[in-house]
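**Q** After the C-alpha cells below, expect a handful of questions from me.
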Amino acid sequence: MLLHQFAFLSAVAASAVAQATAADIKHIGYILLPAMEVLDFFGPLSVLNMLANSAAPMNLSIISLTKDPVTTKLLSPPATGSVFYQTIVPSHSLADPPKDLDVLIVPGGPGTRAPIADLQPYYDFIASEYPKLKYLISVCTGVTFLARAGVLDGKRATGNKFAWEFVTSTGPNVNWVPEARWVVDGNIWTSSGVAAGMDAIFGWVRELWGEERAARIANILEYERHTDPSWDPFAGIWNATWPLTPTSSTATTTATTSVTTTDPTTVPAVS
C-alpha cells in the first residue's frame, strides 16, 4: 500500500510536467501476461511496428513475470474442448526490466481475472515504473492493472464495456467514463475493449507524430480509424454506466476470483 501511495504521489508530479514530444519516445515496453487477448497485444503493435520502421527510431521490450514463453491459453478449458492458442517469448522479466522505458503498454484479456496474488508483481511493476514514464497506455481490461496499481485514483479512465462491472470493481476511486472509445488524462491513455486499442494507439500516434503520419499508416494497413474518442456504441449495447445501475450486472466474476468456465469472457476469449 505504501508503495502504491508513493508511486501515485510521484505520478501526480510527473503528470504536471509538459507532455513528451515524438523525439522523446525511444523505448516502448509491452506487458505480456498469460491468457491475454491477442488483438490487445498485436493490434497496437502492428501500428507501432510500422511507425518504428518508417518514421521513428525506437526499441521494443516485451516484459513478463519471467522470460519463459507465455501462452494465450485460457485460464480454464473452453467448453468446445479446443486447443487453440499462441505462445510468445518475452525479452525481459519484471525482476530485470529495461531501465529506460519511455512508454509502457498494458493489454487485457481473461488473464486479468487471475487471482490477485498471481498478478500483484505486475501491479507493483506498473506502480514503480509510472513516475519514470512519459506515457502509460492500457488496452481493454488492461486498465484493471493500472487501477490496482493505484495510478488511476482521481483520474478519468475507460475499459472494455462487455466486462464493465469487473473493470470498475478494480478502481473505486477512478472516475470511470462509460461512453468512450478511449480516454486521455494527463500522460495516461486508456482504451475501451480489444479493437479500440488500435484506435487509441492511432490517436496517440496522431498526437505525437501528426495526422499525416497516422493516416498513412492506417491506409497502408487498410484500417478505417475511429478518430473521435467519444464514439462508443458498445456502452449502449452492454448497458455500461457509471455509477453502475442494477441492470448493468452481468455474469462477470468478482475482482478477487479467477475466471471459470461459466464466465462469458471465455467464449470468446476477450476481456
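In the C-alpha cells, each chain is lettered A, B, ... as it comes, each chain's residues begin at 1, and ligands are numbered from 1 in order of appearance.
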What's around range 202-204 of chain A at 9 Å? Count only C-alpha atoms, leave out sequence neighbours fewer than 3 positions away in its own chain, and write the answer as a PyMOL selection string.

**A** chain A and resi 44+47+182+189+197-199+207-209+211+214-215+217-218+225-229

**Q** Taking 4 positions as the minimum chain separation for residues in the same chain, which residues sit within 12 Å of Leu48 in chain A when counting only C-alpha atoms? Answer as an NGL selection string.

**A** :A and (25-30 or 41-44 or 52-60 or 103 or 105 or 197-198 or 200-202 or 204-205 or 209 or 213-214 or 217-218 or 221)

**Q** Please indicate the distance in Å from CA of Gly159 in chain A to CA of Thr190 in chain A, rounded to one decimal place.

**A** 6.7 Å

**Q** If we count only C-alpha atoms, what is near range 238-244 of chain A at a cut-off of 12 Å, once residues fewer than 3 positions away on the same chain are taken out, given as a count of residues only?

**A** 33

**Q** Identify, on the basis of only C-alpha atoms, every residue whose closest approach to Ala20 in chain A does not exceed 9 Å; exclude the query and any residue fewer than 3 positions from it along the same chain; express the result as a compact mmCIF listing (two decimals) with C-alpha atoms, in the first residue's frame.

**A**
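What landed in result.txt:
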```txt
# COMPACT_ATOMS: atom_id res chain seq x y z
CA VAL A 17 5.38 18.11 -16.46
CA ALA A 23 11.56 12.87 -30.42
CA ASP A 24 11.44 11.83 -26.75
CA ILE A 25 9.96 8.39 -27.49
CA LYS A 134 6.41 9.60 -20.44
CA TYR A 135 3.22 7.68 -21.31
CA ASN A 187 0.00 11.07 -19.73
CA LEU A 208 2.86 12.93 -31.32
```

**Q** Rounded to one decimal in Å, what is the spacing between CA of Leu74 in chain A and CA of Phe145 in chain A?

**A** 18.2 Å

**Q** For each of A:Gln86, A:Ser76, A:Thr21, A:Ser91, take the minimum atom-to-atom distance to Ser64 in chain A, counting only C-alpha atoms, then give the residue where this is smallest.

**A**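 Using only C-alpha atoms, the shortest distance to Ser64 in chain A belongs to A:Ser91.
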
**Q** Could you check which of A:Val183, A:Ala117, A:Ala127, A:Leu152 is closest to Cys140 in chain A, using only C-alpha atoms?

**A**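 Between A:Val183, A:Ala117, A:Ala127, A:Leu152, the residue approaching Cys140 in chain A most closely is A:Val183.
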
**Q** Quick one: everything within 9 Å of Pro69 in chain A, counting only C-alpha atoms, minus sequence neighbours fewer than 2 positions away in the same chain. Send it as a PDB file with C-alpha atoms, in the first residue's frame.

**A**
```
ATOM      1  CA  THR A  66       9.703 -14.358 -16.168  1.00  0.00           C
ATOM      2  CA  LYS A  67      11.465 -14.806 -19.512  1.00  0.00           C
ATOM      3  CA  THR A  71       0.680 -18.552 -23.881  1.00  0.00           C
ATOM      4  CA  THR A  87       2.933 -18.719 -27.494  1.00  0.00           C
ATOM      5  CA  ILE A  88       5.030 -15.551 -27.211  1.00  0.00           C
ATOM      6  CA  VAL A  89       8.537 -15.152 -25.800  1.00  0.00           C
ATOM      7  CA  PRO A  90       9.246 -12.068 -23.641  1.00  0.00           C
TER       8      PRO A  90
END
```

**Q** Just the alpha helix (DSSP H) stuff from range 95-270 of chain A, please, per backbone DSSP, written as a ChimeraX atom specification.

**A** /A:116-129,143-149,164-169,196-209,211-221,234-237

**Q** Hey, what's within 9 Å of Asp124 in chain A if we count only C-alpha atoms and toss same-chain stuff fewer than 3 positions away? As a list of chain:residue names, please?

**A**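 Near Asp124 in chain A, the qualifying residues are A:Leu3, A:His4, A:Leu119, A:Gln120, A:Pro121, A:Ala127, A:Ser128, A:Glu129, A:Arg148, A:Ala149.
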
**Q** Write the residues you've just listed into a file as a short mmCIF file (atom, residue, chain, number, x, y, z; two decimals), in the first residue's frame, and include N, CA and C atoms for each of them.

**A**
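So result_18.cif came out as:
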```cif
data_model
loop_
_atom_site.label_atom_id
_atom_site.label_comp_id
_atom_site.auth_asym_id
_atom_site.auth_seq_id
_atom_site.Cartn_x
_atom_site.Cartn_y
_atom_site.Cartn_z
N LEU A 3 3.86 1.55 -1.13
CA LEU A 3 4.46 1.68 -2.45
C LEU A 3 3.50 2.33 -3.43
N HIS A 4 2.24 1.91 -3.39
CA HIS A 4 1.24 2.47 -4.29
C HIS A 4 1.02 3.95 -4.01
N LEU A 119 -1.12 -11.80 -9.82
CA LEU A 119 -0.92 -10.62 -10.66
C LEU A 119 -0.24 -9.47 -9.92
N GLN A 120 -0.08 -9.58 -8.61
CA GLN A 120 0.48 -8.49 -7.82
C GLN A 120 1.83 -8.00 -8.34
N PRO A 121 2.73 -8.89 -8.81
CA PRO A 121 4.00 -8.37 -9.34
C PRO A 121 3.84 -7.42 -10.50
N ALA A 127 3.24 0.38 -10.77
CA ALA A 127 3.29 1.46 -9.78
C ALA A 127 4.69 2.06 -9.68
N SER A 128 5.71 1.21 -9.74
CA SER A 128 7.07 1.70 -9.60
C SER A 128 7.59 2.36 -10.87
N GLU A 129 7.11 1.90 -12.03
CA GLU A 129 7.58 2.44 -13.29
C GLU A 129 6.89 3.74 -13.69
N ARG A 148 -5.47 -1.17 -10.14
CA ARG A 148 -4.98 -1.86 -8.94
C ARG A 148 -3.58 -1.42 -8.55
N ALA A 149 -2.85 -0.84 -9.50
CA ALA A 149 -1.54 -0.27 -9.17
C ALA A 149 -1.67 1.07 -8.46
#
```

**Q** Using DSSP on the backbone, list every residue of range 69-239 of chain A that comes out as strand (DSSP E), and give them as a ChimeraX atom specification.

**A** /A:70-71,87-88,92-93,103-106,135-138,156-157,175-176,182-185,188-191

**Q** Output the selection as a compact mmCIF listing (two decimals), in the first residue's frame - C-alpha atoms for each residue.

**A**
```txt
# COMPACT_ATOMS: atom_id res chain seq x y z
CA VAL A 70 3.83 -17.11 -22.32
CA THR A 71 0.68 -18.55 -23.88
CA THR A 87 2.93 -18.72 -27.49
CA ILE A 88 5.03 -15.55 -27.21
CA HIS A 92 12.59 -9.14 -20.17
CA SER A 93 11.26 -10.20 -16.79
CA VAL A 103 6.16 4.19 -22.78
CA LEU A 104 4.52 1.16 -21.18
CA ILE A 105 1.50 -0.55 -22.78
CA VAL A 106 -0.69 -2.98 -20.86
CA TYR A 135 3.22 7.68 -21.31
CA LEU A 136 1.25 4.79 -19.82
CA ILE A 137 -1.29 3.14 -22.14
CA SER A 138 -3.80 0.35 -21.45
CA ARG A 156 -10.63 9.56 -15.78
CA ALA A 157 -10.37 6.17 -17.49
CA ASN A 175 -13.59 8.47 -12.48
CA TRP A 176 -14.81 5.84 -14.94
CA TRP A 182 -10.52 5.93 -25.37
CA VAL A 183 -9.78 8.43 -22.61
CA VAL A 184 -6.74 10.62 -22.04
CA ASP A 185 -5.93 12.00 -18.60
CA ILE A 188 -2.29 8.06 -19.24
CA TRP A 189 -4.28 6.72 -22.21
CA THR A 190 -6.91 4.03 -21.56
CA SER A 191 -8.89 2.36 -24.33
```

**Q** Pick from A:Ala114, A:Met50, A:Val38, A:Ala147: nearest to Asn219 in chain A, with only C-alpha atoms counted?

**A** A:Met50

**Q** Find the distance between CA of Gly171 in chain A and CA of Pro34 in chain A and write it in Å to one decimal.

**A**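 Rounded to one decimal, the two atoms are 21.9 Å apart.
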